[in-house]
file work.cif (mmCIF, C-alpha atoms (C1' of nucleotides) and all ligand atoms)
data_input
loop_
_atom_site.label_atom_id
_atom_site.label_comp_id
_atom_site.auth_asym_id
_atom_site.auth_seq_id
_atom_site.Cartn_x
_atom_site.Cartn_y
_atom_site.Cartn_z
CA MET A 11 44.55 23.52 -31.59
CA THR A 12 46.44 20.47 -32.95
CA ALA A 13 44.88 17.37 -31.47
CA ARG A 14 43.62 16.38 -28.04
CA PRO A 15 45.95 13.82 -26.50
CA PRO A 16 43.73 12.70 -23.62
CA PRO A 17 45.44 12.72 -20.22
CA ASP A 18 45.13 9.15 -19.03
CA THR A 19 44.57 10.17 -15.40
CA ARG A 20 41.03 11.18 -16.28
CA ALA A 21 38.21 8.75 -15.93
CA GLY A 22 35.85 10.58 -18.25
CA PRO A 23 36.55 11.44 -21.86
CA GLY A 24 37.90 14.94 -21.53
CA LEU A 25 35.63 15.75 -18.62
CA GLY A 26 36.91 17.89 -15.80
CA PRO A 27 36.09 17.23 -12.16
CA ASN A 28 33.30 19.80 -12.19
CA ASP A 29 31.76 18.20 -15.21
CA ARG A 30 31.78 14.81 -13.59
CA ALA A 31 30.36 16.10 -10.33
CA VAL A 32 27.48 17.75 -12.15
CA LEU A 33 26.88 14.71 -14.31
CA ALA A 34 26.84 12.47 -11.27
CA VAL A 35 24.20 14.64 -9.63
CA LEU A 36 22.05 14.59 -12.75
CA ALA A 37 22.44 10.85 -13.11
CA ASP A 38 21.41 10.29 -9.50
CA ALA A 39 18.39 12.58 -9.68
CA LYS A 40 14.94 11.13 -10.07
CA GLY A 41 13.90 13.86 -12.47
CA PRO A 42 14.97 17.06 -14.14
CA LEU A 43 16.93 19.45 -11.93
CA GLY A 44 17.22 23.21 -12.14
CA ALA A 45 20.73 24.58 -12.35
CA TYR A 46 20.49 25.92 -8.81
CA GLU A 47 19.29 22.57 -7.52
CA VAL A 48 22.37 21.05 -9.12
CA LEU A 49 24.45 23.72 -7.46
CA ASP A 50 23.06 22.81 -4.04
CA GLN A 51 24.03 19.19 -4.66
CA VAL A 52 27.60 19.90 -5.73
CA ARG A 53 28.53 22.33 -2.98
CA HIS A 54 30.23 19.52 -1.11
CA HIS A 55 32.44 19.07 -4.17
CA GLY A 56 33.64 22.60 -3.75
CA LEU A 57 31.53 24.29 -6.40
CA LYS A 58 30.12 27.53 -5.14
CA ALA A 59 28.80 29.72 -7.93
CA PRO A 60 26.29 29.42 -10.79
CA PRO A 61 28.77 29.86 -13.65
CA GLN A 62 30.63 26.74 -12.59
CA VAL A 63 27.45 24.72 -12.89
CA TYR A 64 26.30 26.32 -16.10
CA ARG A 65 29.68 25.80 -17.71
CA ALA A 66 29.64 22.13 -16.80
CA LEU A 67 26.06 21.76 -18.04
CA HIS A 68 26.89 23.38 -21.36
CA ARG A 69 29.85 21.10 -21.87
CA LEU A 70 27.86 18.00 -20.95
CA ILE A 71 25.11 18.99 -23.34
CA GLY A 72 27.61 19.65 -26.07
CA LEU A 73 29.06 16.19 -25.57
CA GLY A 74 25.64 14.53 -25.69
CA LEU A 75 25.83 13.47 -22.05
CA ALA A 76 22.99 15.63 -20.78
CA HIS A 77 19.96 17.46 -22.09
CA ARG A 78 18.20 20.69 -21.37
CA ILE A 79 14.43 20.57 -21.06
CA GLU A 80 13.33 23.91 -22.41
CA SER A 81 9.85 23.94 -21.00
CA LEU A 82 11.16 23.39 -17.49
CA ASN A 83 14.41 25.33 -17.63
CA ALA A 84 15.89 22.15 -16.22
CA PHE A 85 18.48 19.53 -17.02
CA VAL A 86 18.71 15.74 -17.13
CA ALA A 87 21.42 13.20 -17.71
CA CYS A 88 21.03 11.46 -21.03
CA ALA A 89 19.07 8.26 -20.64
CA HIS A 90 21.46 6.51 -23.01
CA GLY A 91 24.60 7.54 -21.22
CA ARG A 92 25.70 9.52 -24.20
CA HIS A 93 24.77 10.38 -27.75
CA SER A 94 26.75 9.76 -30.89
CA ASP A 95 26.33 10.56 -34.55
CA ALA A 96 24.13 7.50 -34.84
CA VAL A 97 21.83 8.49 -32.00
CA ARG A 98 21.72 12.21 -32.34
CA ALA A 99 21.42 14.34 -29.22
CA ASP A 100 19.38 16.86 -31.13
CA ARG A 101 16.80 14.21 -31.90
CA ALA A 102 15.88 13.35 -28.34
CA MET A 103 12.43 14.15 -27.06
CA PHE A 104 10.92 14.19 -23.62
CA VAL A 105 7.62 13.35 -22.07
CA ILE A 106 7.09 15.14 -18.80
CA CYS A 107 4.54 14.16 -16.21
CA ASP A 108 2.74 17.23 -14.87
CA ARG A 109 1.87 15.40 -11.70
CA CYS A 110 5.03 13.61 -10.52
CA GLY A 111 7.60 15.51 -12.55
CA ALA A 112 9.10 12.45 -14.19
CA ALA A 113 10.74 13.02 -17.55
CA VAL A 114 11.26 10.17 -19.99
CA GLU A 115 13.62 10.46 -22.92
CA LEU A 116 12.42 9.01 -26.20
CA ASP A 117 13.67 9.01 -29.76
CA ALA A 118 12.28 11.99 -31.62
CA THR A 119 13.43 10.90 -35.05
CA PRO A 120 9.98 10.21 -36.53
CA ALA A 121 8.42 13.33 -35.06
CA ALA A 122 11.44 15.41 -35.99
CA ALA A 123 11.26 14.14 -39.57
CA ALA A 124 7.65 15.26 -39.85
CA ALA A 125 8.42 18.62 -38.31
CA GLU A 126 11.48 19.09 -40.46
CA SER A 127 9.66 18.37 -43.67
CA ALA A 128 7.15 21.11 -42.91
CA ALA A 129 9.99 23.48 -42.14
CA THR A 130 12.09 22.69 -45.21
CA ALA A 131 8.98 23.20 -47.34
CA LYS A 132 9.12 26.80 -46.11
CA GLY A 133 12.76 27.15 -47.02
CA PHE A 134 14.16 26.66 -43.54
CA ARG A 135 17.33 24.81 -42.83
CA VAL A 136 16.73 22.93 -39.61
CA GLY A 137 19.30 22.41 -36.89
CA ARG A 138 18.13 21.38 -33.46
CA VAL A 139 14.61 20.01 -33.08
CA ILE A 140 12.94 20.35 -29.71
CA VAL A 141 10.04 18.06 -28.91
CA GLU A 142 8.57 18.02 -25.43
CA MET A 143 5.24 16.69 -24.28
CA LYS A 144 3.36 17.49 -21.11
CA GLY A 145 0.89 15.07 -19.68
CA LEU A 146 0.57 12.23 -17.24
CA CYS A 147 2.81 9.23 -16.92
CA ALA A 148 1.37 5.75 -16.74
CA GLY A 149 1.42 5.64 -12.97
CA CYS A 150 -0.20 9.02 -12.54
CA THR A 151 -2.79 8.34 -15.22
CA ALA A 152 -4.01 5.44 -13.12
CA GLU A 153 -4.39 7.60 -10.03
CA ALA A 154 -5.61 10.83 -11.56
CA PRO A 155 -9.18 11.64 -12.58
CA GLY A 156 -9.79 11.50 -16.29
CA PRO A 157 -12.41 11.23 -19.02
CA GLY A 158 -13.81 7.73 -19.00
CA MET B 19 -2.86 57.54 -12.94
CA THR B 20 -6.24 59.15 -13.56
CA ALA B 21 -6.65 58.58 -17.29
CA ARG B 22 -8.72 55.47 -17.91
CA PRO B 23 -9.50 54.43 -21.49
CA PRO B 24 -13.27 54.05 -21.76
CA PRO B 25 -14.15 50.38 -22.14
CA ASP B 26 -17.01 50.90 -24.61
CA THR B 27 -14.64 50.58 -27.56
CA ARG B 28 -13.90 46.95 -26.82
CA ALA B 29 -13.27 44.91 -29.88
CA GLY B 30 -12.19 41.63 -28.36
CA PRO B 31 -14.38 39.09 -26.64
CA GLY B 32 -13.81 39.43 -22.95
CA LEU B 33 -10.41 41.03 -23.33
CA GLY B 34 -9.52 43.83 -20.97
CA PRO B 35 -7.58 46.90 -22.04
CA ASN B 36 -4.32 45.44 -20.77
CA ASP B 37 -4.85 42.30 -22.77
CA ARG B 38 -5.47 44.26 -25.93
CA ALA B 39 -2.48 46.50 -25.40
CA VAL B 40 -0.22 43.49 -24.98
CA LEU B 41 -1.73 41.69 -27.93
CA ALA B 42 -1.29 44.76 -30.12
CA VAL B 43 2.38 44.93 -29.22
CA LEU B 44 2.89 41.26 -30.01
CA ALA B 45 1.02 41.58 -33.27
CA ASP B 46 3.14 44.55 -34.32
CA ALA B 47 6.42 42.92 -33.41
CA LYS B 48 8.61 41.42 -36.09
CA GLY B 49 9.55 38.50 -33.88
CA PRO B 50 9.15 36.95 -30.48
CA LEU B 51 9.31 39.38 -27.57
CA GLY B 52 10.38 38.79 -24.02
CA ALA B 53 7.91 39.79 -21.35
CA TYR B 54 10.04 42.76 -20.35
CA GLU B 55 10.31 43.91 -23.94
CA VAL B 56 6.53 43.85 -24.06
CA LEU B 57 6.46 45.81 -20.84
CA ASP B 58 8.66 48.50 -22.34
CA GLN B 59 6.26 48.79 -25.26
CA VAL B 60 3.12 49.11 -23.17
CA ARG B 61 4.34 51.67 -20.68
CA HIS B 62 2.64 54.40 -22.65
CA HIS B 63 -0.61 52.51 -22.10
CA GLY B 64 -0.13 52.90 -18.38
CA LEU B 65 1.20 49.46 -17.58
CA LYS B 66 4.10 49.62 -15.21
CA ALA B 67 4.89 46.28 -13.62
CA PRO B 68 5.70 42.73 -14.76
CA PRO B 69 2.62 41.06 -13.27
CA GLN B 70 0.35 43.13 -15.46
CA VAL B 71 2.12 41.89 -18.55
CA TYR B 72 2.37 38.30 -17.41
CA ARG B 73 -1.31 38.21 -16.51
CA ALA B 74 -2.26 39.50 -19.93
CA LEU B 75 0.07 37.04 -21.63
CA HIS B 76 -1.36 34.11 -19.72
CA ARG B 77 -4.87 35.09 -20.64
CA LEU B 78 -4.01 35.56 -24.30
CA ILE B 79 -2.30 32.19 -24.41
CA GLY B 80 -5.28 30.56 -22.72
CA LEU B 81 -7.55 32.06 -25.35
CA GLY B 82 -5.37 30.85 -28.22
CA LEU B 83 -4.44 34.39 -29.24
CA ALA B 84 -0.75 34.16 -28.40
CA HIS B 85 1.92 31.55 -27.89
CA ARG B 86 4.90 31.09 -25.65
CA ILE B 87 8.13 29.93 -27.27
CA GLU B 88 9.75 27.82 -24.60
CA SER B 89 13.24 27.77 -26.00
CA LEU B 90 13.37 31.57 -26.08
CA ASN B 91 11.34 32.43 -23.01
CA ALA B 92 9.46 34.71 -25.36
CA PHE B 93 6.00 35.33 -26.72
CA VAL B 94 4.36 35.83 -30.11
CA ALA B 95 0.90 36.67 -31.37
CA CYS B 96 -0.77 33.73 -33.02
CA ALA B 97 -0.17 33.78 -36.75
CA HIS B 98 -3.78 32.76 -37.33
CA GLY B 99 -5.27 35.46 -35.20
CA ARG B 100 -6.67 32.90 -32.87
CA HIS B 101 -7.01 29.18 -32.34
CA SER B 102 -10.17 27.17 -32.07
CA ASP B 103 -11.00 23.56 -31.37
CA ALA B 104 -10.41 22.86 -35.05
CA VAL B 105 -6.97 24.46 -35.14
CA ARG B 106 -5.63 23.58 -31.73
CA ALA B 107 -3.33 26.02 -30.01
CA ASP B 108 -1.42 23.15 -28.45
CA ARG B 109 -0.59 21.82 -31.90
CA ALA B 110 1.28 24.84 -33.14
CA MET B 111 4.98 24.58 -33.79
CA PHE B 112 7.65 27.15 -34.46
CA VAL B 113 10.72 27.41 -36.59
CA ILE B 114 13.17 29.95 -35.24
CA CYS B 115 15.99 31.48 -37.21
CA ASP B 116 19.15 31.59 -35.14
CA ARG B 117 20.50 34.42 -37.24
CA CYS B 118 17.67 36.94 -37.66
CA GLY B 119 15.41 35.82 -34.85
CA ALA B 120 12.34 35.30 -37.02
CA ALA B 121 9.82 32.78 -35.77
CA VAL B 122 7.33 31.16 -38.12
CA GLU B 123 4.29 29.33 -36.82
CA LEU B 124 3.43 26.08 -38.54
CA ASP B 125 0.95 23.28 -37.96
CA ALA B 126 2.48 20.67 -35.71
CA THR B 127 -0.27 18.11 -36.17
CA PRO B 128 1.77 15.54 -38.15
CA ALA B 129 4.83 15.88 -35.95
CA ALA B 130 2.70 15.87 -32.82
CA ALA B 131 0.96 12.71 -33.94
CA ALA B 132 4.27 10.93 -34.37
CA ALA B 133 5.50 12.16 -31.02
CA GLU B 134 2.28 11.28 -29.29
CA SER B 135 2.24 7.75 -30.62
CA ALA B 136 5.68 7.12 -29.15
CA ALA B 137 4.51 8.55 -25.84
CA THR B 138 1.25 6.64 -25.64
CA ALA B 139 3.18 3.46 -26.40
CA LYS B 140 4.93 4.11 -23.09
CA GLY B 141 1.65 4.60 -21.26
CA PHE B 142 1.70 8.36 -21.22
CA ARG B 143 -1.38 10.47 -21.62
CA VAL B 144 -0.29 13.46 -23.67
CA GLY B 145 -1.56 16.99 -23.19
CA ARG B 146 0.39 19.82 -24.67
CA VAL B 147 2.95 19.06 -27.36
CA ILE B 148 5.83 21.48 -27.81
CA VAL B 149 7.70 21.43 -31.12
CA GLU B 150 10.30 24.05 -31.83
CA MET B 151 13.06 24.02 -34.41
CA LYS B 152 16.21 26.09 -34.50
CA GLY B 153 17.95 26.80 -37.74
CA LEU B 154 18.16 29.31 -40.54
CA CYS B 155 15.29 30.88 -42.42
CA ALA B 156 15.28 30.99 -46.21
CA GLY B 157 16.74 34.48 -46.36
CA CYS B 158 19.52 33.75 -43.91
CA THR B 159 20.33 30.40 -45.50
CA ALA B 160 21.13 32.26 -48.72
CA GLU B 161 23.55 34.57 -46.94
CA ALA B 162 25.13 32.19 -44.47
CA PRO B 163 27.92 29.71 -45.19
CA GLY B 164 26.79 26.15 -45.60
CA PRO B 165 27.80 22.67 -46.74
CA GLY B 166 28.07 22.67 -50.50
"C1'" DG C 18 -28.61 51.96 -0.72
"C1'" DA C 19 -25.72 48.61 2.00
"C1'" DG C 20 -23.44 44.55 1.74
"C1'" DC C 21 -21.59 40.64 -0.54
"C1'" DT C 22 -18.90 38.20 -4.30
"C1'" DG C 23 -15.96 37.54 -8.05
"C1'" DT C 24 -12.98 39.41 -11.50
"C1'" DC C 25 -9.69 42.50 -13.09
"C1'" DT C 26 -6.22 45.79 -11.89
"C1'" DG C 27 -2.27 48.24 -9.61
"C1'" DT C 28 1.93 47.97 -6.73
"C1'" DT C 29 5.76 46.33 -4.02
"C1'" DA C 30 8.90 43.02 -3.08
"C1'" DT C 31 11.03 38.88 -3.91
"C1'" DC C 32 12.36 34.69 -6.16
"C1'" DT C 33 14.41 32.02 -9.99
"C1'" DT C 34 17.27 31.55 -13.98
"C1'" DA C 35 21.36 32.83 -16.58
"C1'" DT C 36 25.40 35.34 -18.05
"C1'" DA C 37 29.14 39.10 -18.25
"C1'" DA C 38 33.47 40.21 -16.69
"C1'" DC C 39 37.57 39.52 -14.59
"C1'" DA C 40 41.11 36.88 -11.92
"C1'" DT C 41 43.65 32.65 -11.22
"C1'" DA C 42 45.22 28.26 -12.09
"C1'" DT C 43 46.88 24.38 -15.21
"C1'" DC C 44 48.60 22.23 -19.05
"C1'" DT C 45 51.35 21.94 -23.45
"C1'" DC C 46 54.50 22.89 -26.46
"C1'" DT C 47 58.75 25.38 -27.60
"C1'" DA D 29 61.14 29.90 -18.47
"C1'" DG D 30 57.70 32.00 -21.69
"C1'" DA D 31 53.54 31.98 -24.81
"C1'" DG D 32 48.99 30.30 -25.83
"C1'" DA D 33 45.12 27.60 -24.81
"C1'" DT D 34 41.86 25.53 -21.60
"C1'" DA D 35 39.65 25.10 -17.17
"C1'" DT D 36 38.29 27.25 -12.88
"C1'" DG D 37 37.08 30.45 -9.21
"C1'" DT D 38 34.58 34.75 -7.90
"C1'" DT D 39 31.83 38.87 -7.96
"C1'" DA D 40 28.26 41.26 -9.72
"C1'" DT D 41 24.35 41.84 -12.51
"C1'" DA D 42 21.00 40.87 -16.18
"C1'" DA D 43 16.75 38.64 -17.48
"C1'" DG D 44 12.60 36.06 -16.47
"C1'" DA D 45 8.64 35.08 -13.34
"C1'" DT D 46 5.66 35.09 -9.35
"C1'" DA D 47 3.83 35.90 -4.39
"C1'" DA D 48 1.24 38.81 -1.75
"C1'" DC D 49 -1.52 42.45 -0.75
"C1'" DA D 50 -4.50 46.62 -1.91
"C1'" DG D 51 -7.86 48.98 -4.63
"C1'" DA D 52 -11.51 49.33 -8.25
"C1'" DC D 53 -15.63 47.78 -10.35
"C1'" DA D 54 -19.68 45.03 -11.98
"C1'" DG D 55 -23.52 42.17 -10.72
"C1'" DC D 56 -26.40 40.34 -7.41
"C1'" DT D 57 -29.26 40.08 -3.00
"C1'" DC D 58 -31.69 41.91 0.51
ZN ZN A 201 19.92 11.47 -24.61
ZN ZN A 202 3.58 10.92 -13.08
ZN ZN A 203 -1.27 30.07 -33.36
ZN ZN A 204 16.83 34.45 -40.65
#

call {"tool": "encode", "arguments": {"input": "work.cif", "output": "structure tokens"}}
result
Amino acid sequence: MTARPPPDTRAGPGLGPNDRAVLAVLADAKGPLGAYEVLDQVRHHGLKAPPQVYRALHRLIGLGLAHRIESLNAFVACAHGRHSDAVRADRAMFVICDRCGAAVELDATPAAAAAESAATAKGFRVGRVIVEMKGLCAGCTAEAPGPG
Amino acid sequence: MTARPPPDTRAGPGLGPNDRAVLAVLADAKGPLGAYEVLDQVRHHGLKAPPQVYRALHRLIGLGLAHRIESLNAFVACAHGRHSDAVRADRAMFVICDRCGAAVELDATPAAAAAESAATAKGFRVGRVIVEMKGLCAGCTAEAPGPG
DNA sequence: GAGCTGTCTGTTATCTTATAACATATCTCT
DNA sequence: AGAGATATGTTATAAGATAACAGACAGCTC
């Protein structure tokens, strides 16, 4: 236990090489990636097996550097670089385009507050709030058929 | 193999026997069930393979009789029996107890409206809105350690 | 009745997603 | 060096979901 004197040879804050390889892949990606897609992209870094990727993903998520999109079973780098206490990781929400697959991270605080108030009225103590929307992004809305 | 339940006892509108067997299992369950847990419960109805269960689940969800909980990869019967245009199935939200597994269905309309307004401000056209909360139910909050 | 069509169903095989379990390496402090 | 913690590598398997094809059945046309 004690403290965590950070080894100064590390570029990231307590991130191991696997973590940084996975984060780099997510940050480069144009959209959410499945864990096995990440794995394909980090093979040239020496990673070979799913647990290595999942462990890195879990750490990154815990640090507020990446997010899991539940409705896609996929992962993205945080759009803000990282989350802090001020910008809570568990108050991020995503809008996902069904057509091009783009995922945009937005602040869920107002929606989460509304959801949380309904939940606390039922006696629940709320931890993580998941808000995800499926639809069409601006670009795809212009190209796709629609009402009107 | 040979025993076929006679279809004249149909209660549901356009539901096949598989659909009703799956729905009955979900309705009886005390919490969300994975598709393979459902399968175990409907084997005595003659269902044997995953596609039969998944097909029934997809139909039930399409009819507003059941919901998928994305963060659990699990399914529940709709708490209202069914959804209509007035009570939209894509505006249901769930609160899930991390300790006892209970899932409570609530109306997501206020939260969804807040989320949707943030999305439309970015040019998105929103379809389905997913809101799920993880935390502790009233009963488990009383038993679990907490701040204060 | 024969033939077509569409829906629902049964069955096999396979694919995708995720973790358990165990072994090995590294680092830190004593 | 030795003990304890953290990070990694590796194998195997669990859990979730679908593709693809085959058979059954109702409704319709001729
Ligand atoms: Zn973020
Ligand atoms: Zn798009
Ligand atoms: Zn419902
Ligand atoms: Zn509980």

call {"tool": "residues_around", "arguments": {"input": "work.cif", "residues": "segment 37-47 of chain A", "least_positions_apart": "2", "cutoff": "10 Å", "atoms": "all atoms listed in the file", "output": "tab-separated table (two decimals) with C-alpha atoms (C1' of nucleotides), keeping the file's coordinate frame"}}
result
chain	number	residue	atom	x	y	z
A	31	ALA	CA	30.36	16.10	-10.33
A	32	VAL	CA	27.48	17.75	-12.15
A	33	LEU	CA	26.88	14.71	-14.31
A	34	ALA	CA	26.84	12.47	-11.27
A	35	VAL	CA	24.20	14.64	-9.63
A	49	LEU	CA	24.45	23.72	-7.46
A	50	ASP	CA	23.06	22.81	-4.04
A	51	GLN	CA	24.03	19.19	-4.66
A	52	VAL	CA	27.60	19.90	-5.73
A	59	ALA	CA	28.80	29.72	-7.93
A	60	PRO	CA	26.29	29.42	-10.79
A	61	PRO	CA	28.77	29.86	-13.65
A	63	VAL	CA	27.45	24.72	-12.89
A	64	TYR	CA	26.30	26.32	-16.10
A	67	LEU	CA	26.06	21.76	-18.04
A	75	LEU	CA	25.83	13.47	-22.05
A	76	ALA	CA	22.99	15.63	-20.78
A	77	HIS	CA	19.96	17.46	-22.09
A	78	ARG	CA	18.20	20.69	-21.37
A	79	ILE	CA	14.43	20.57	-21.06
A	82	LEU	CA	11.16	23.39	-17.49
A	83	ASN	CA	14.41	25.33	-17.63
A	84	ALA	CA	15.89	22.15	-16.22
A	85	PHE	CA	18.48	19.53	-17.02
A	86	VAL	CA	18.71	15.74	-17.13
A	87	ALA	CA	21.42	13.20	-17.71
A	88	CYS	CA	21.03	11.46	-21.03
A	89	ALA	CA	19.07	8.26	-20.64
A	91	GLY	CA	24.60	7.54	-21.22
A	106	ILE	CA	7.09	15.14	-18.80
A	110	CYS	CA	5.03	13.61	-10.52
A	111	GLY	CA	7.60	15.51	-12.55
A	112	ALA	CA	9.10	12.45	-14.19
A	113	ALA	CA	10.74	13.02	-17.55
A	114	VAL	CA	11.26	10.17	-19.99
C	33	DT	C1'	14.41	32.02	-9.99
C	34	DT	C1'	17.27	31.55	-13.98
C	35	DA	C1'	21.36	32.83	-16.58

call {"tool": "residues_near_ligand", "arguments": {"input": "work.cif", "ligand": "ligand ZN 204 (chain A)", "cutoff": "6 Å", "atoms": "all atoms listed in the file", "output": "list in words"}}
result
Cys115, Arg117, Cys118, Ala120, Leu154, Cys155, Gly157 and Cys158 of chain B

call {"tool": "residues_around", "arguments": {"input": "work.cif", "residues": "DA30 of chain C", "least_positions_apart": "6", "cutoff": "12 Å", "atoms": "all atoms listed in the file", "output": "list in words"}}
result
Ala67 of chain B; DT46, DA47, DA48 and DC49 of chain D

call {"tool": "interface_residues", "arguments": {"input": "work.cif", "of": "chain D", "to": "chain B", "cutoff": "10 Å", "atoms": "only C-alpha atoms (C1' of nucleotides)", "output": "compact mmCIF listing (two decimals) with C-alpha atoms (C1' of nucleotides), keeping the file's coordinate frame"}}
result
# COMPACT_ATOMS: atom_id res chain seq x y z
C1' DA D 43 16.75 38.64 -17.48
C1' DG D 44 12.60 36.06 -16.47
C1' DA D 45 8.64 35.08 -13.34
C1' DT D 46 5.66 35.09 -9.35

call {"tool": "residues_around", "arguments": {"input": "work.cif", "residues": "DT24 of chain C", "least_positions_apart": "5", "cutoff": "12 Å", "atoms": "only C-alpha atoms (C1' of nucleotides)", "output": "number ranges by chain"}}
result
B: 32, 34; D: 52-55

call {"tool": "interface_residues", "arguments": {"input": "work.cif", "of": "chain A", "to": "chain B", "cutoff": "7 Å", "atoms": "all atoms listed in the file", "output": "list in words"}}
result
Glu80, Ser81, Val105, Ala118, Pro120, Ala121, Ala122, Ala124, Ala125, Ala129, Gly133, Phe134, Arg135, Val136, Gly137, Arg138, Val139, Ile140, Val141, Glu142, Met143, Lys144, Gly145, Leu146, Cys147, Ala148 and Thr151 of chain A

call {"tool": "write_last_selection", "arguments": {"input": "work.cif", "atoms": "C-alpha atoms", "output": "PDB file, in the coordinates of the input"}}
result
ATOM      1  CA  GLU A  80      13.330  23.910 -22.410  1.00  0.00           C
ATOM      2  CA  SER A  81       9.850  23.940 -21.000  1.00  0.00           C
ATOM      3  CA  VAL A 105       7.620  13.350 -22.070  1.00  0.00           C
ATOM      4  CA  ALA A 118      12.280  11.990 -31.620  1.00  0.00           C
ATOM      5  CA  PRO A 120       9.980  10.210 -36.530  1.00  0.00           C
ATOM      6  CA  ALA A 121       8.420  13.330 -35.060  1.00  0.00           C
ATOM      7  CA  ALA A 122      11.440  15.410 -35.990  1.00  0.00           C
ATOM      8  CA  ALA A 124       7.650  15.260 -39.850  1.00  0.00           C
ATOM      9  CA  ALA A 125       8.420  18.620 -38.310  1.00  0.00           C
ATOM     10  CA  ALA A 129       9.990  23.480 -42.140  1.00  0.00           C
ATOM     11  CA  GLY A 133      12.760  27.150 -47.020  1.00  0.00           C
ATOM     12  CA  PHE A 134      14.160  26.660 -43.540  1.00  0.00           C
ATOM     13  CA  ARG A 135      17.330  24.810 -42.830  1.00  0.00           C
ATOM     14  CA  VAL A 136      16.730  22.930 -39.610  1.00  0.00           C
ATOM     15  CA  GLY A 137      19.300  22.410 -36.890  1.00  0.00           C
ATOM     16  CA  ARG A 138      18.130  21.380 -33.460  1.00  0.00           C
ATOM     17  CA  VAL A 139      14.610  20.010 -33.080  1.00  0.00           C
ATOM     18  CA  ILE A 140      12.940  20.350 -29.710  1.00  0.00           C
ATOM     19  CA  VAL A 141      10.040  18.060 -28.910  1.00  0.00           C
ATOM     20  CA  GLU A 142       8.570  18.020 -25.430  1.00  0.00           C
ATOM     21  CA  MET A 143       5.240  16.690 -24.280  1.00  0.00           C
ATOM     22  CA  LYS A 144       3.360  17.490 -21.110  1.00  0.00           C
ATOM     23  CA  GLY A 145       0.890  15.070 -19.680  1.00  0.00           C
ATOM     24  CA  LEU A 146       0.570  12.230 -17.240  1.00  0.00           C
ATOM     25  CA  CYS A 147       2.810   9.230 -16.920  1.00  0.00           C
ATOM     26  CA  ALA A 148       1.370   5.750 -16.740  1.00  0.00           C
ATOM     27  CA  THR A 151      -2.790   8.340 -15.220  1.00  0.00           C
TER      28      THR A 151
END

call {"tool": "closest_atom_pairs", "arguments": {"input": "work.cif", "of": "chain C", "to": "segment 29-37 of chain D", "cutoff": "9 Å", "atoms": "all atoms listed in the file", "output": "CSV"}}
result
residue,atom,partner,partner_atom,distance
C:DA40,C1',D:DG37,C1',8.1
C:DT41,C1',D:DG37,C1',7.2
C:DA42,C1',D:DT36,C1',7.0
C:DT43,C1',D:DA35,C1',7.5
C:DC44,C1',D:DT34,C1',7.9
C:DT45,C1',D:DA33,C1',8.5
C:DT47,C1',D:DA31,C1',8.9

call {"tool": "atom_distance", "arguments": {"input": "work.cif", "atom1": "atom C1' of DT31 of chain C", "atom2": "atom CA of Gln70 of chain B"}}
result
16.3 Å

call {"tool": "atom_distance", "arguments": {"input": "work.cif", "atom1": "atom C1' of DA37 of chain C", "atom2": "atom CA of Lys66 of chain B"}}
result
27.3 Å

call {"tool": "closest_atom_pairs", "arguments": {"input": "work.cif", "of": "chain C", "to": "chain B", "cutoff": "10 Å", "atoms": "all atoms listed in the file", "output": "Markdown table"}}
result
| residue | atom | partner | partner_atom | distance |
| --- | --- | --- | --- | --- |
| C:DC25 | C1' | B:Gly34 | CA | 8.0 |
| C:DT26 | C1' | B:Gln70 | CA | 7.9 |
| C:DG27 | C1' | B:Gln70 | CA | 8.2 |
| C:DT28 | C1' | B:Ala67 | CA | 7.7 |
| C:DT29 | C1' | B:Ala67 | CA | 9.6 |

call {"tool": "atom_distance", "arguments": {"input": "work.cif", "atom1": "atom C1' of DA40 of chain D", "atom2": "atom CA of Leu25 of chain A"}}
result
28.0 Å

call {"tool": "decode", "arguments": {"input": "work.cif", "residues": "segment 67-72 of chain B", "atoms": "N, CA, C and O atoms", "output": "CSV table (one decimal), in the first residue's frame"}}
result
chain,number,residue,atom,x,y,z
B,67,ALA,N,-32.5,-24.7,-28.6
B,67,ALA,CA,-31.4,-24.1,-29.2
B,67,ALA,C,-31.5,-22.5,-29.1
B,67,ALA,O,-32.6,-22.0,-29.1
B,68,PRO,N,-30.3,-21.9,-28.9
B,68,PRO,CA,-30.3,-20.4,-28.7
B,68,PRO,C,-31.1,-19.6,-29.8
B,68,PRO,O,-31.8,-18.7,-29.4
B,69,PRO,N,-31.1,-20.0,-31.0
B,69,PRO,CA,-31.9,-19.1,-32.0
B,69,PRO,C,-33.3,-19.0,-31.7
B,69,PRO,O,-34.0,-18.0,-31.9
B,70,GLN,N,-33.9,-20.1,-31.1
B,70,GLN,CA,-35.3,-20.1,-30.8
B,70,GLN,C,-35.6,-19.1,-29.7
B,70,GLN,O,-36.6,-18.3,-29.8
B,71,VAL,N,-34.7,-19.0,-28.8
B,71,VAL,CA,-34.9,-18.0,-27.7
B,71,VAL,C,-34.6,-16.6,-28.2
B,71,VAL,O,-35.4,-15.7,-27.9
B,72,TYR,N,-33.6,-16.4,-28.9
B,72,TYR,CA,-33.3,-15.1,-29.4
B,72,TYR,C,-34.4,-14.6,-30.3
B,72,TYR,O,-34.7,-13.4,-30.3
